[in-house]
>>> print(open('my_file-v3.txt').read())   # compact mmCIF, C-alpha atoms (C1' of nucleotides)
# COMPACT_ATOMS: atom_id res chain seq x y z
CA MET Q 1 -27.99 11.72 -156.32
CA LYS Q 2 -24.47 11.76 -154.96
CA ASP Q 3 -21.42 9.68 -155.58
CA ASP Q 4 -20.06 7.74 -152.67
CA SER Q 5 -17.72 10.35 -151.23
CA GLN Q 6 -20.48 11.41 -148.88
CA GLU Q 7 -21.16 7.80 -148.04
CA GLN Q 8 -17.81 7.32 -146.37
CA LEU Q 9 -17.69 6.64 -142.72
CA GLY Q 10 -15.40 9.59 -142.05
CA TYR Q 11 -17.92 11.93 -143.57
CA LEU Q 12 -20.64 10.54 -141.36
CA LEU Q 13 -18.39 10.83 -138.34
CA VAL Q 14 -17.73 14.49 -139.05
CA GLN Q 15 -21.43 15.20 -139.39
CA VAL Q 16 -22.21 13.42 -136.15
CA CYS Q 17 -19.57 15.42 -134.36
CA LYS Q 18 -20.78 18.72 -135.69
CA ALA Q 19 -24.29 17.87 -134.59
CA HIS Q 20 -23.06 16.79 -131.18
CA ARG Q 21 -21.01 19.92 -130.71
CA ASN Q 22 -23.86 22.14 -131.84
CA ARG Q 23 -26.16 20.53 -129.31
CA ALA Q 24 -23.58 20.94 -126.59
CA GLN Q 25 -23.01 24.54 -127.54
CA ALA Q 26 -26.70 25.34 -127.38
CA ALA Q 27 -27.07 23.82 -123.94
CA LEU Q 28 -23.84 25.20 -122.51
CA SER Q 29 -24.45 28.74 -123.69
CA GLU Q 30 -27.41 28.83 -121.34
CA ILE Q 31 -25.08 28.44 -118.39
CA GLY Q 32 -22.50 30.84 -119.77
CA LEU Q 33 -20.01 28.32 -121.14
CA HIS Q 34 -18.55 27.64 -124.55
CA ALA Q 35 -18.32 24.18 -126.04
CA GLY Q 36 -15.04 22.68 -124.92
CA GLN Q 37 -14.77 24.51 -121.62
CA GLU Q 38 -16.99 21.96 -119.92
CA MET Q 39 -14.29 19.39 -120.63
CA ILE Q 40 -11.82 21.30 -118.52
CA LEU Q 41 -14.37 21.74 -115.77
CA MET Q 42 -15.22 18.05 -115.72
CA HIS Q 43 -11.60 17.13 -115.27
CA LEU Q 44 -11.30 19.66 -112.46
CA TYR Q 45 -14.42 18.34 -110.76
CA ASP Q 46 -12.69 15.02 -110.77
CA ALA Q 47 -9.33 16.29 -109.56
CA GLU Q 48 -8.58 19.89 -108.72
CA GLY Q 49 -5.11 21.35 -108.96
CA LEU Q 50 -4.30 19.72 -112.25
CA THR Q 51 -1.32 20.92 -114.20
CA GLN Q 52 -1.88 22.48 -117.58
CA SER Q 53 0.21 19.73 -119.06
CA GLN Q 54 -2.07 17.18 -117.48
CA LEU Q 55 -5.03 18.92 -119.05
CA VAL Q 56 -3.25 18.93 -122.39
CA GLU Q 57 -2.78 15.20 -122.06
CA SER Q 58 -6.31 14.46 -120.92
CA LEU Q 59 -8.02 16.62 -123.48
CA CYS Q 60 -5.85 15.46 -126.37
CA VAL Q 61 -5.19 19.05 -127.26
CA GLU Q 62 -2.13 21.26 -127.75
CA PRO Q 63 -0.67 23.47 -125.02
CA PRO Q 64 -1.67 26.83 -126.54
CA THR Q 65 -5.29 25.69 -126.63
CA VAL Q 66 -5.31 25.07 -122.91
CA THR Q 67 -3.49 28.32 -122.21
CA LYS Q 68 -6.01 30.42 -124.07
CA MET Q 69 -9.03 28.59 -122.73
CA LEU Q 70 -7.81 28.99 -119.19
CA GLN Q 71 -7.08 32.67 -119.72
CA ARG Q 72 -10.67 33.21 -120.76
CA MET Q 73 -12.11 31.02 -118.07
CA GLU Q 74 -10.01 32.84 -115.51
CA ALA Q 75 -11.19 36.16 -116.88
CA VAL Q 76 -14.82 35.21 -116.30
CA GLY Q 77 -13.98 33.91 -112.86
CA ILE Q 78 -14.74 30.21 -112.99
CA VAL Q 79 -11.17 29.04 -112.70
CA GLU Q 80 -7.93 30.17 -111.11
CA ARG Q 81 -4.26 29.42 -111.81
CA ARG Q 82 -1.59 29.32 -109.14
CA GLN Q 83 2.07 28.65 -109.58
CA ASP Q 84 3.27 25.33 -108.22
CA ALA Q 85 5.28 25.65 -105.01
CA GLU Q 86 8.04 23.27 -106.00
CA ASP Q 87 8.42 23.87 -109.71
CA ALA Q 88 8.05 27.46 -110.78
CA ARG Q 89 7.36 26.43 -114.37
CA VAL Q 90 4.15 24.61 -113.71
CA SER Q 91 0.87 26.33 -113.01
CA ARG Q 92 -1.93 24.41 -111.36
CA VAL Q 93 -5.57 25.01 -112.05
CA TYR Q 94 -8.24 25.38 -109.38
CA LEU Q 95 -11.95 25.99 -109.40
CA THR Q 96 -13.38 29.21 -108.03
CA PRO Q 97 -16.66 29.06 -106.10
CA ASN Q 98 -18.37 30.16 -109.31
CA GLY Q 99 -16.74 27.33 -111.21
CA ARG Q 100 -17.66 24.81 -108.60
CA ALA Q 101 -21.23 26.05 -108.59
CA LEU Q 102 -21.59 24.95 -112.22
CA GLU Q 103 -20.87 21.32 -111.50
CA THR Q 104 -24.41 20.02 -111.28
CA GLN Q 105 -25.48 21.95 -114.35
CA VAL Q 106 -22.52 20.82 -116.42
CA CYS Q 107 -23.16 17.22 -115.48
CA ALA Q 108 -26.83 17.61 -116.23
CA VAL Q 109 -26.11 19.00 -119.66
CA TRP Q 110 -23.82 16.12 -120.49
CA ARG Q 111 -26.15 13.51 -119.15
CA GLN Q 112 -29.01 14.96 -121.17
CA LEU Q 113 -26.83 15.12 -124.26
CA ASP Q 114 -25.82 11.51 -123.82
CA ASP Q 115 -29.43 10.50 -123.42
CA ASP Q 116 -30.35 12.32 -126.60
CA THR Q 117 -27.40 10.80 -128.41
CA VAL Q 118 -28.32 7.20 -127.73
CA ALA Q 119 -32.08 7.63 -127.95
CA GLY Q 120 -33.68 4.65 -129.59
CA LEU Q 121 -30.68 2.41 -129.09
CA THR Q 122 -30.91 -0.69 -126.93
CA ASP Q 123 -28.43 -1.27 -124.15
CA VAL Q 124 -26.71 -3.83 -126.31
CA GLU Q 125 -26.42 -1.39 -129.18
CA GLN Q 126 -25.07 1.31 -126.87
CA ALA Q 127 -22.40 -1.02 -125.56
CA LEU Q 128 -21.56 -2.02 -129.08
CA LEU Q 129 -21.28 1.57 -130.24
CA ARG Q 130 -19.00 2.35 -127.34
CA ARG Q 131 -16.79 -0.59 -128.12
CA LEU Q 132 -16.58 0.27 -131.80
CA LEU Q 133 -15.79 3.89 -131.06
CA GLN Q 134 -13.08 2.84 -128.68
CA GLN Q 135 -11.54 0.71 -131.38
CA VAL Q 136 -11.71 3.63 -133.80
CA HIS Q 137 -10.14 5.91 -131.25
CA THR Q 138 -7.31 3.48 -130.79
CA ASN Q 139 -6.87 3.24 -134.54
CA LEU Q 140 -6.66 6.99 -134.95
CA THR Q 141 -4.39 7.83 -132.07
CA LYS Q 142 -1.68 5.25 -132.29
CA MET R 1 -9.00 6.47 -111.19
CA LYS R 2 -11.72 8.63 -112.65
CA ASP R 3 -15.39 8.96 -111.96
CA ASP R 4 -17.71 8.14 -114.79
CA SER R 5 -17.90 11.56 -116.43
CA GLN R 6 -15.10 10.52 -118.77
CA GLU R 7 -16.86 7.24 -119.40
CA GLN R 8 -19.79 8.85 -121.09
CA LEU R 9 -20.37 8.17 -124.72
CA GLY R 10 -20.33 11.85 -125.60
CA TYR R 11 -16.87 12.20 -124.17
CA LEU R 12 -15.65 9.28 -126.24
CA LEU R 13 -17.30 10.73 -129.31
CA VAL R 14 -15.51 14.03 -128.84
CA GLN R 15 -12.16 12.30 -128.46
CA VAL R 16 -12.72 10.23 -131.57
CA CYS R 17 -13.58 13.33 -133.54
CA LYS R 18 -10.55 15.23 -132.38
CA ALA R 19 -8.36 12.31 -133.35
CA HIS R 20 -10.07 12.04 -136.71
CA ARG R 21 -9.71 15.73 -137.41
CA ASN R 22 -6.08 15.74 -136.35
CA ARG R 23 -5.35 12.92 -138.73
CA ALA R 24 -7.17 14.67 -141.53
CA GLN R 25 -5.33 17.88 -140.82
CA ALA R 26 -1.96 16.17 -140.94
CA ALA R 27 -2.70 14.55 -144.29
CA LEU R 28 -4.39 17.57 -145.85
CA SER R 29 -1.66 20.01 -144.89
CA GLU R 30 0.63 18.08 -147.19
CA ILE R 31 -1.49 19.06 -150.16
CA GLY R 32 -1.96 22.63 -148.95
CA LEU R 33 -5.44 22.30 -147.52
CA HIS R 34 -6.94 22.90 -144.10
CA ALA R 35 -9.25 20.44 -142.40
CA GLY R 36 -12.77 21.26 -143.48
CA GLN R 37 -11.91 22.65 -146.89
CA GLU R 38 -11.82 19.19 -148.37
CA MET R 39 -15.52 18.92 -147.58
CA ILE R 40 -16.31 21.84 -149.83
CA LEU R 41 -14.11 20.42 -152.56
CA MET R 42 -15.75 17.01 -152.38
CA HIS R 43 -19.16 18.55 -152.83
CA LEU R 44 -17.89 20.53 -155.78
CA TYR R 45 -16.33 17.45 -157.35
CA ASP R 46 -19.77 15.96 -157.16
CA ALA R 47 -21.60 18.98 -158.52
CA GLU R 48 -19.94 22.18 -159.60
CA GLY R 49 -21.71 25.52 -159.52
CA LEU R 50 -23.28 24.95 -156.15
CA THR R 51 -24.81 27.86 -154.33
CA GLN R 52 -23.30 28.93 -151.04
CA SER R 53 -26.63 28.19 -149.45
CA GLN R 54 -26.49 24.69 -150.81
CA LEU R 55 -23.05 24.27 -149.29
CA VAL R 56 -24.36 25.59 -145.99
CA GLU R 57 -27.09 22.98 -146.13
CA SER R 58 -24.83 20.13 -147.15
CA LEU R 59 -22.08 20.86 -144.68
CA CYS R 60 -24.44 21.50 -141.76
CA VAL R 61 -22.65 24.76 -141.10
CA GLU R 62 -23.63 28.41 -140.80
CA PRO R 63 -23.45 30.89 -143.68
CA PRO R 64 -20.53 32.96 -142.34
CA THR R 65 -18.43 29.83 -142.11
CA VAL R 66 -18.88 29.11 -145.78
CA THR R 67 -18.27 32.72 -146.72
CA LYS R 68 -14.95 32.87 -144.92
CA MET R 69 -13.78 29.49 -146.11
CA LEU R 70 -14.57 30.36 -149.70
CA GLN R 71 -12.81 33.71 -149.42
CA ARG R 72 -9.65 31.93 -148.35
CA MET R 73 -9.98 29.16 -150.87
CA GLU R 74 -10.55 31.74 -153.57
CA ALA R 75 -7.50 33.67 -152.37
CA VAL R 76 -5.29 30.62 -152.83
CA GLY R 77 -6.85 29.94 -156.21
CA ILE R 78 -8.57 26.60 -155.83
CA VAL R 79 -12.09 27.91 -156.13
CA GLU R 80 -13.95 30.72 -157.82
CA ARG R 81 -17.24 32.48 -157.16
CA ARG R 82 -19.44 33.91 -159.86
CA GLN R 83 -22.71 35.73 -159.47
CA ASP R 84 -25.75 33.83 -160.67
CA ALA R 85 -27.15 35.17 -163.94
CA GLU R 86 -30.76 35.15 -162.88
CA ASP R 87 -30.61 36.06 -159.22
CA ALA R 88 -28.01 38.64 -158.31
CA ARG R 89 -28.13 37.60 -154.67
CA VAL R 90 -26.77 34.14 -155.14
CA SER R 91 -23.16 33.37 -155.89
CA ARG R 92 -22.21 30.03 -157.37
CA VAL R 93 -18.97 28.25 -156.63
CA TYR R 94 -16.75 26.70 -159.29
CA LEU R 95 -13.46 24.86 -159.22
CA THR R 96 -10.38 26.39 -160.75
CA PRO R 97 -7.95 24.10 -162.60
CA ASN R 98 -5.86 24.07 -159.46
CA GLY R 99 -8.84 23.02 -157.42
CA ARG R 100 -9.78 20.31 -159.85
CA ALA R 101 -6.23 19.03 -159.86
CA LEU R 102 -6.53 18.18 -156.18
CA GLU R 103 -9.41 15.77 -156.68
CA THR R 104 -7.48 12.52 -156.75
CA GLN R 105 -5.34 13.54 -153.79
CA VAL R 106 -8.30 14.64 -151.70
CA CYS R 107 -10.08 11.39 -152.43
CA ALA R 108 -6.96 9.42 -151.62
CA VAL R 109 -6.57 11.17 -148.29
CA TRP R 110 -10.14 10.41 -147.33
CA ARG R 111 -9.96 6.84 -148.47
CA GLN R 112 -6.79 6.31 -146.48
CA LEU R 113 -8.31 7.97 -143.46
CA ASP R 114 -11.37 5.78 -143.69
CA ASP R 115 -9.20 2.71 -143.97
CA ASP R 116 -7.27 3.72 -140.87
CA THR R 117 -10.48 4.48 -139.04
CA VAL R 118 -12.03 1.08 -139.49
CA ALA R 119 -8.82 -0.92 -139.22
CA GLY R 120 -9.40 -4.16 -137.40
CA LEU R 121 -13.16 -4.05 -137.82
CA THR R 122 -14.95 -6.73 -139.78
CA ASP R 123 -17.31 -5.79 -142.57
CA VAL R 124 -20.21 -6.57 -140.31
CA GLU R 125 -18.86 -4.32 -137.60
CA GLN R 126 -18.27 -1.53 -140.08
CA ALA R 127 -21.82 -1.74 -141.31
CA LEU R 128 -23.04 -1.79 -137.76
CA LEU R 129 -20.99 1.25 -136.82
CA ARG R 130 -22.34 3.10 -139.79
CA ARG R 131 -25.90 2.24 -138.89
CA LEU R 132 -25.45 3.26 -135.27
CA LEU R 133 -23.80 6.55 -136.22
CA GLN R 134 -26.61 7.27 -138.61
CA GLN R 135 -29.11 6.73 -135.82
CA VAL R 136 -27.09 9.04 -133.56
CA HIS R 137 -26.95 11.65 -136.27
CA THR R 138 -30.69 11.50 -136.65
CA ASN R 139 -31.10 11.81 -132.90
CA LEU R 140 -28.92 14.87 -132.70
CA THR R 141 -30.24 16.79 -135.68
CA LYS R 142 -33.97 16.46 -135.36
C1' DG S 1 -45.83 51.59 -158.70
C1' DG S 2 -43.99 51.59 -154.32
C1' DC S 3 -43.46 49.76 -149.50
C1' DT S 4 -42.45 45.93 -146.95
C1' DA S 5 -40.86 41.46 -146.04
C1' DT S 6 -37.87 37.82 -147.21
C1' DC S 7 -33.73 35.76 -148.80
C1' DA S 8 -28.44 35.23 -149.92
C1' DT S 9 -24.44 36.85 -148.51
C1' DT S 10 -21.22 39.50 -145.92
C1' DT S 11 -18.97 41.87 -141.88
C1' DA S 12 -17.54 42.08 -137.08
C1' DG S 13 -16.17 39.82 -133.28
C1' DC S 14 -15.70 35.90 -130.38
C1' DC S 15 -14.03 30.98 -129.17
C1' DG S 16 -11.55 26.46 -129.87
C1' DT S 17 -7.85 24.68 -132.26
C1' DC S 18 -3.50 24.28 -134.64
C1' DT S 19 1.73 25.27 -135.77
C1' DA S 20 5.86 27.91 -135.07
C1' DA S 21 8.55 30.56 -132.29
C1' DT S 22 9.74 32.44 -127.65
C1' DC S 23 10.68 32.58 -122.66
C1' DA S 24 11.82 31.01 -118.27
C1' DA S 25 12.81 27.49 -115.01
C1' DA S 26 14.74 22.97 -114.06
C1' DT S 27 17.76 19.19 -115.25
C1' DT S 28 21.72 17.17 -117.18
C1' DG S 29 26.40 16.46 -118.21
C1' DA S 30 31.10 17.37 -119.18
C1' DT V 1 30.32 24.65 -111.71
C1' DC V 2 28.22 26.14 -115.57
C1' DA V 3 26.81 25.69 -120.29
C1' DA V 4 23.56 23.01 -122.95
C1' DT V 5 19.37 20.62 -123.15
C1' DT V 6 14.85 19.67 -121.82
C1' DT V 7 10.42 20.97 -120.13
C1' DG V 8 6.09 23.93 -118.95
C1' DA V 9 3.91 27.59 -120.45
C1' DT V 10 3.02 31.68 -123.39
C1' DT V 11 2.67 34.65 -127.56
C1' DA V 12 1.67 35.41 -132.41
C1' DG V 13 -0.94 34.39 -136.10
C1' DA V 14 -3.77 31.45 -138.87
C1' DC V 15 -8.21 28.70 -139.73
C1' DG V 16 -12.88 26.49 -138.90
C1' DG V 17 -16.88 27.52 -136.49
C1' DC V 18 -20.46 30.31 -134.14
C1' DT V 19 -23.96 34.52 -133.20
C1' DA V 20 -25.58 39.09 -134.14
C1' DA V 21 -26.07 42.62 -137.15
C1' DA V 22 -25.66 44.85 -141.74
C1' DT V 23 -26.06 44.96 -146.82
C1' DG V 24 -28.31 44.16 -151.18
C1' DA V 25 -31.47 42.07 -154.18
C1' DT V 26 -35.83 39.68 -155.04
C1' DA V 27 -40.64 38.79 -154.21
C1' DG V 28 -45.23 40.10 -152.28
C1' DC V 29 -48.80 42.88 -151.45
C1' DC V 30 -51.81 46.85 -151.33
>>> encode(input="my_file-v3.txt", output="structure tokens")
Amino acid sequence: MKDDSQEQLGYLLVQVCKAHRNRAQAALSEIGLHAGQEMILMHLYDAEGLTQSQLVESLCVEPPTVTKMLQRMEAVGIVERRQDAEDARVSRVYLTPNGRALETQVCAVWRQLDDDTVAGLTDVEQALLRRLLQQVHTNLTK
Amino acid sequence: MKDDSQEQLGYLLVQVCKAHRNRAQAALSEIGLHAGQEMILMHLYDAEGLTQSQLVESLCVEPPTVTKMLQRMEAVGIVERRQDAEDARVSRVYLTPNGRALETQVCAVWRQLDDDTVAGLTDVEQALLRRLLQQVHTNLTK
DNA sequence: GGCTATCATTTAGCCGTCTAATCAAATTGA
DNA sequence: TCAATTTGATTAGACGGCTAAATGATAGCC
């Protein structure tokens, strides 16, 4: 039916990611978020007051992406930026009460998504998949 | 250092995909393409004259996405749309000479990317990764 | 035959993401 | 000290992707 271009691993990876993102988007839209924003929130739940540069680093994303996302998230009132006291260049990001209130739901969405993702895989297979993906990640980032 | 939210498989998957896409983007920009467009081209290399609906189906993407991508690809002259003779609603997509001329380069980029992706993995591990990703894809799309 | 429903595509508008260029503050160095 | 560089963030503009709504053409049905 098809030649092997669609049989490549990269092709499969792209399809998996699209599916994963679509699922995330569907679930997150129900709590008023867009796919990607939950990443920022999760990092803030872990450590509030992060620098935008730190978010850039953590999310493996470029500075303008973080700037625009934060502008929108600030506009809807789930996040807040305040200038750092010691270095006027850096702005630190904090959760608003509304942002903090989403924590349990965001975590629930991700947990559910993870459960769906690995459905039908044994614990051994899950560990294997994680290890292989980590290797791939290393391959692609260095 | 971090709680386990960043240890979830979904998080890893997202990072891997970003890295993969970034790599693809870097390589494709050198031949004048944007990440994602090569997917359309690969399907056309396999079967020219595809319907936009068929592309929507194959790419697991929504109709407006295909419309806009094709408009741009048509504007730069690598693709061409012609109305179907029998059904005036459907438009079929064909390669221009310029589009066809990119085939070997597009394939080379993807082959190289695949090689980088699975670097350091044995054949057995590669097969395993493919199988696991296929299972995940099934999980996330049904 | 004509009215309605369905189907393929498009438009409008948003978001995440990128690159390139800009701005402002801090650091460095001669 | 002060000019030059570096660094953190933003703006501008493009593209892939989405949803919702509109357009146009075919197919059904009475």
>>> interface_residues(input="my_file-v3.txt", of="chain S", to="chain R", cutoff="10 Å", atoms="only C-alpha atoms (C1' of nucleotides)", output="PDB file with C-alpha atoms (C1' of nucleotides), keeping the file's coordinate frame")
ATOM      1  C1'  DC S   7     -33.730  35.760-148.800  1.00  0.00           C
ATOM      2  C1'  DA S   8     -28.440  35.230-149.920  1.00  0.00           C
ATOM      3  C1'  DT S   9     -24.440  36.850-148.510  1.00  0.00           C
ATOM      4  C1'  DT S  10     -21.220  39.500-145.920  1.00  0.00           C
ATOM      5  C1'  DT S  11     -18.970  41.870-141.880  1.00  0.00           C
ATOM      6  C1'  DT S  17      -7.850  24.680-132.260  1.00  0.00           C
ATOM      7  C1'  DC S  18      -3.500  24.280-134.640  1.00  0.00           C
TER       8       DC S  18
END
>>> atom_distance(input="my_file-v3.txt", atom1="atom CA of R:Val61", atom2="atom C1' of V:DG17")
7.9 Å
>>> closest_residue(input="my_file-v3.txt", among="R:Gly120, R:Gly32, R:Gly99, R:Gly77", to="chain Q", atoms="all atoms listed in the file")
R:Gly120
>>> calpha_fit_and_write(input="my_file-v3.txt", fixed="chain Q", moving="chain R", output="mmCIF file with C-alpha atoms, keeping the file's coordinate frame")
data_model
loop_
_atom_site.group_PDB
_atom_site.id
_atom_site.type_symbol
_atom_site.label_atom_id
_atom_site.label_comp_id
_atom_site.auth_asym_id
_atom_site.auth_seq_id
_atom_site.Cartn_x
_atom_site.Cartn_y
_atom_site.Cartn_z
ATOM 1 C CA MET R 1 -27.889 11.645 -156.360
ATOM 2 C CA LYS R 2 -24.387 11.707 -154.970
ATOM 3 C CA ASP R 3 -21.334 9.625 -155.600
ATOM 4 C CA ASP R 4 -19.982 7.701 -152.678
ATOM 5 C CA SER R 5 -17.660 10.338 -151.236
ATOM 6 C CA GLN R 6 -20.447 11.420 -148.900
ATOM 7 C CA GLU R 7 -21.117 7.805 -148.043
ATOM 8 C CA GLN R 8 -17.792 7.321 -146.387
ATOM 9 C CA LEU R 9 -17.693 6.643 -142.712
ATOM 10 C CA GLY R 10 -15.403 9.581 -142.049
ATOM 11 C CA TYR R 11 -17.909 11.935 -143.570
ATOM 12 C CA LEU R 12 -20.647 10.551 -141.360
ATOM 13 C CA LEU R 13 -18.392 10.825 -138.346
ATOM 14 C CA VAL R 14 -17.730 14.484 -139.045
ATOM 15 C CA GLN R 15 -21.432 15.214 -139.395
ATOM 16 C CA VAL R 16 -22.230 13.437 -136.159
ATOM 17 C CA CYS R 17 -19.579 15.425 -134.355
ATOM 18 C CA LYS R 18 -20.774 18.731 -135.688
ATOM 19 C CA ALA R 19 -24.290 17.889 -134.596
ATOM 20 C CA HIS R 20 -23.060 16.806 -131.191
ATOM 21 C CA ARG R 21 -21.016 19.941 -130.714
ATOM 22 C CA ASN R 22 -23.860 22.159 -131.851
ATOM 23 C CA ARG R 23 -26.148 20.564 -129.326
ATOM 24 C CA ALA R 24 -23.578 20.949 -126.595
ATOM 25 C CA GLN R 25 -23.016 24.556 -127.530
ATOM 26 C CA ALA R 26 -26.711 25.343 -127.382
ATOM 27 C CA ALA R 27 -27.082 23.817 -123.929
ATOM 28 C CA LEU R 28 -23.843 25.199 -122.512
ATOM 29 C CA SER R 29 -24.462 28.749 -123.670
ATOM 30 C CA GLU R 30 -27.410 28.817 -121.311
ATOM 31 C CA ILE R 31 -25.085 28.426 -118.359
ATOM 32 C CA GLY R 32 -22.507 30.837 -119.764
ATOM 33 C CA LEU R 33 -20.030 28.317 -121.098
ATOM 34 C CA HIS R 34 -18.553 27.643 -124.514
ATOM 35 C CA ALA R 35 -18.326 24.184 -126.018
ATOM 36 C CA GLY R 36 -15.048 22.682 -124.913
ATOM 37 C CA GLN R 37 -14.780 24.501 -121.609
ATOM 38 C CA GLU R 38 -16.987 21.954 -119.932
ATOM 39 C CA MET R 39 -14.288 19.381 -120.626
ATOM 40 C CA ILE R 40 -11.799 21.289 -118.533
ATOM 41 C CA LEU R 41 -14.349 21.723 -115.773
ATOM 42 C CA MET R 42 -15.209 18.034 -115.719
ATOM 43 C CA HIS R 43 -11.578 17.123 -115.287
ATOM 44 C CA LEU R 44 -11.270 19.631 -112.485
ATOM 45 C CA TYR R 45 -14.383 18.305 -110.772
ATOM 46 C CA ASP R 46 -12.639 14.982 -110.801
ATOM 47 C CA ALA R 47 -9.294 16.264 -109.581
ATOM 48 C CA GLU R 48 -8.563 19.855 -108.724
ATOM 49 C CA GLY R 49 -5.093 21.339 -108.961
ATOM 50 C CA LEU R 50 -4.294 19.715 -112.258
ATOM 51 C CA THR R 51 -1.315 20.912 -114.211
ATOM 52 C CA GLN R 52 -1.887 22.496 -117.589
ATOM 53 C CA SER R 53 0.213 19.743 -119.062
ATOM 54 C CA GLN R 54 -2.060 17.189 -117.504
ATOM 55 C CA LEU R 55 -5.035 18.927 -119.070
ATOM 56 C CA VAL R 56 -3.253 18.939 -122.412
ATOM 57 C CA GLU R 57 -2.757 15.209 -122.062
ATOM 58 C CA SER R 58 -6.282 14.468 -120.927
ATOM 59 C CA LEU R 59 -8.018 16.612 -123.493
ATOM 60 C CA CYS R 60 -5.836 15.460 -126.394
ATOM 61 C CA VAL R 61 -5.203 19.077 -127.281
ATOM 62 C CA GLU R 62 -2.159 21.284 -127.772
ATOM 63 C CA PRO R 63 -0.689 23.494 -125.046
ATOM 64 C CA PRO R 64 -1.696 26.853 -126.566
ATOM 65 C CA THR R 65 -5.297 25.721 -126.659
ATOM 66 C CA VAL R 66 -5.324 25.095 -122.944
ATOM 67 C CA THR R 67 -3.521 28.339 -122.229
ATOM 68 C CA LYS R 68 -6.050 30.428 -124.105
ATOM 69 C CA MET R 69 -9.055 28.603 -122.746
ATOM 70 C CA LEU R 70 -7.823 28.995 -119.197
ATOM 71 C CA GLN R 71 -7.103 32.686 -119.709
ATOM 72 C CA ARG R 72 -10.702 33.217 -120.740
ATOM 73 C CA MET R 73 -12.129 31.005 -118.057
ATOM 74 C CA GLU R 74 -10.015 32.813 -115.500
ATOM 75 C CA ALA R 75 -11.208 36.153 -116.875
ATOM 76 C CA VAL R 76 -14.831 35.192 -116.286
ATOM 77 C CA GLY R 77 -13.974 33.885 -112.839
ATOM 78 C CA ILE R 78 -14.732 30.189 -112.987
ATOM 79 C CA VAL R 79 -11.162 29.021 -112.689
ATOM 80 C CA GLU R 80 -7.920 30.141 -111.126
ATOM 81 C CA ARG R 81 -4.266 29.411 -111.817
ATOM 82 C CA ARG R 82 -1.603 29.304 -109.159
ATOM 83 C CA GLN R 83 2.078 28.648 -109.584
ATOM 84 C CA ASP R 84 3.282 25.338 -108.211
ATOM 85 C CA ALA R 85 5.277 25.696 -104.995
ATOM 86 C CA GLU R 86 8.057 23.358 -105.975
ATOM 87 C CA ASP R 87 8.437 23.944 -109.684
ATOM 88 C CA ALA R 88 8.008 27.524 -110.798
ATOM 89 C CA ARG R 89 7.378 26.427 -114.368
ATOM 90 C CA VAL R 90 4.161 24.616 -113.727
ATOM 91 C CA SER R 91 0.880 26.321 -113.010
ATOM 92 C CA ARG R 92 -1.922 24.406 -111.359
ATOM 93 C CA VAL R 93 -5.577 25.007 -112.063
ATOM 94 C CA TYR R 94 -8.225 25.348 -109.365
ATOM 95 C CA LEU R 95 -11.943 25.974 -109.398
ATOM 96 C CA THR R 96 -13.355 29.182 -108.026
ATOM 97 C CA PRO R 97 -16.646 29.031 -106.098
ATOM 98 C CA ASN R 98 -18.357 30.132 -109.275
ATOM 99 C CA GLY R 99 -16.732 27.330 -111.186
ATOM 100 C CA ARG R 100 -17.648 24.777 -108.583
ATOM 101 C CA ALA R 101 -21.216 26.005 -108.574
ATOM 102 C CA LEU R 102 -21.588 24.940 -112.191
ATOM 103 C CA GLU R 103 -20.842 21.293 -111.490
ATOM 104 C CA THR R 104 -24.380 19.978 -111.272
ATOM 105 C CA GLN R 105 -25.468 21.937 -114.332
ATOM 106 C CA VAL R 106 -22.514 20.816 -116.419
ATOM 107 C CA CYS R 107 -23.147 17.218 -115.463
ATOM 108 C CA ALA R 108 -26.828 17.592 -116.223
ATOM 109 C CA VAL R 109 -26.103 19.001 -119.657
ATOM 110 C CA TRP R 110 -23.815 16.119 -120.495
ATOM 111 C CA ARG R 111 -26.168 13.522 -119.153
ATOM 112 C CA GLN R 112 -29.010 14.978 -121.176
ATOM 113 C CA LEU R 113 -26.846 15.140 -124.254
ATOM 114 C CA ASP R 114 -25.828 11.535 -123.832
ATOM 115 C CA ASP R 115 -29.436 10.523 -123.420
ATOM 116 C CA ASP R 116 -30.369 12.334 -126.614
ATOM 117 C CA THR R 117 -27.428 10.808 -128.416
ATOM 118 C CA VAL R 118 -28.340 7.220 -127.736
ATOM 119 C CA ALA R 119 -32.099 7.659 -127.957
ATOM 120 C CA GLY R 120 -33.712 4.670 -129.573
ATOM 121 C CA LEU R 121 -30.704 2.426 -129.079
ATOM 122 C CA THR R 122 -30.948 -0.663 -126.929
ATOM 123 C CA ASP R 123 -28.465 -1.246 -124.149
ATOM 124 C CA VAL R 124 -26.738 -3.801 -126.297
ATOM 125 C CA GLU R 125 -26.435 -1.366 -129.162
ATOM 126 C CA GLN R 126 -25.099 1.319 -126.861
ATOM 127 C CA ALA R 127 -22.439 -0.995 -125.546
ATOM 128 C CA LEU R 128 -21.590 -2.006 -129.060
ATOM 129 C CA LEU R 129 -21.303 1.585 -130.219
ATOM 130 C CA ARG R 130 -19.033 2.353 -127.334
ATOM 131 C CA ARG R 131 -16.815 -0.597 -128.106
ATOM 132 C CA LEU R 132 -16.598 0.265 -131.788
ATOM 133 C CA LEU R 133 -15.806 3.912 -131.067
ATOM 134 C CA GLN R 134 -13.117 2.853 -128.663
ATOM 135 C CA GLN R 135 -11.562 0.703 -131.363
ATOM 136 C CA VAL R 136 -11.735 3.631 -133.796
ATOM 137 C CA HIS R 137 -10.156 5.908 -131.246
ATOM 138 C CA THR R 138 -7.327 3.472 -130.779
ATOM 139 C CA ASN R 139 -6.888 3.236 -134.531
ATOM 140 C CA LEU R 140 -6.675 6.968 -134.955
ATOM 141 C CA THR R 141 -4.385 7.809 -132.064
ATOM 142 C CA LYS R 142 -1.691 5.199 -132.285
#
>>> closest_atom_pairs(input="my_file-v3.txt", of="chain V", to="chain Q", cutoff="10 Å", atoms="all atoms listed in the file", output="Markdown table")
| residue | atom | partner | partner_atom | distance |
| --- | --- | --- | --- | --- |
| V:DT7 | C1' | Q:Arg89 | CA | 8.5 |
| V:DG8 | C1' | Q:Arg89 | CA | 5.4 |
| V:DA9 | C1' | Q:Arg89 | CA | 7.1 |
| V:DT10 | C1' | Q:Thr67 | CA | 7.4 |
| V:DT11 | C1' | Q:Pro64 | CA | 9.0 |
| V:DG17 | C1' | Q:Lys18 | CA | 9.7 |
| V:DC18 | C1' | Q:Gln25 | CA | 9.1 |
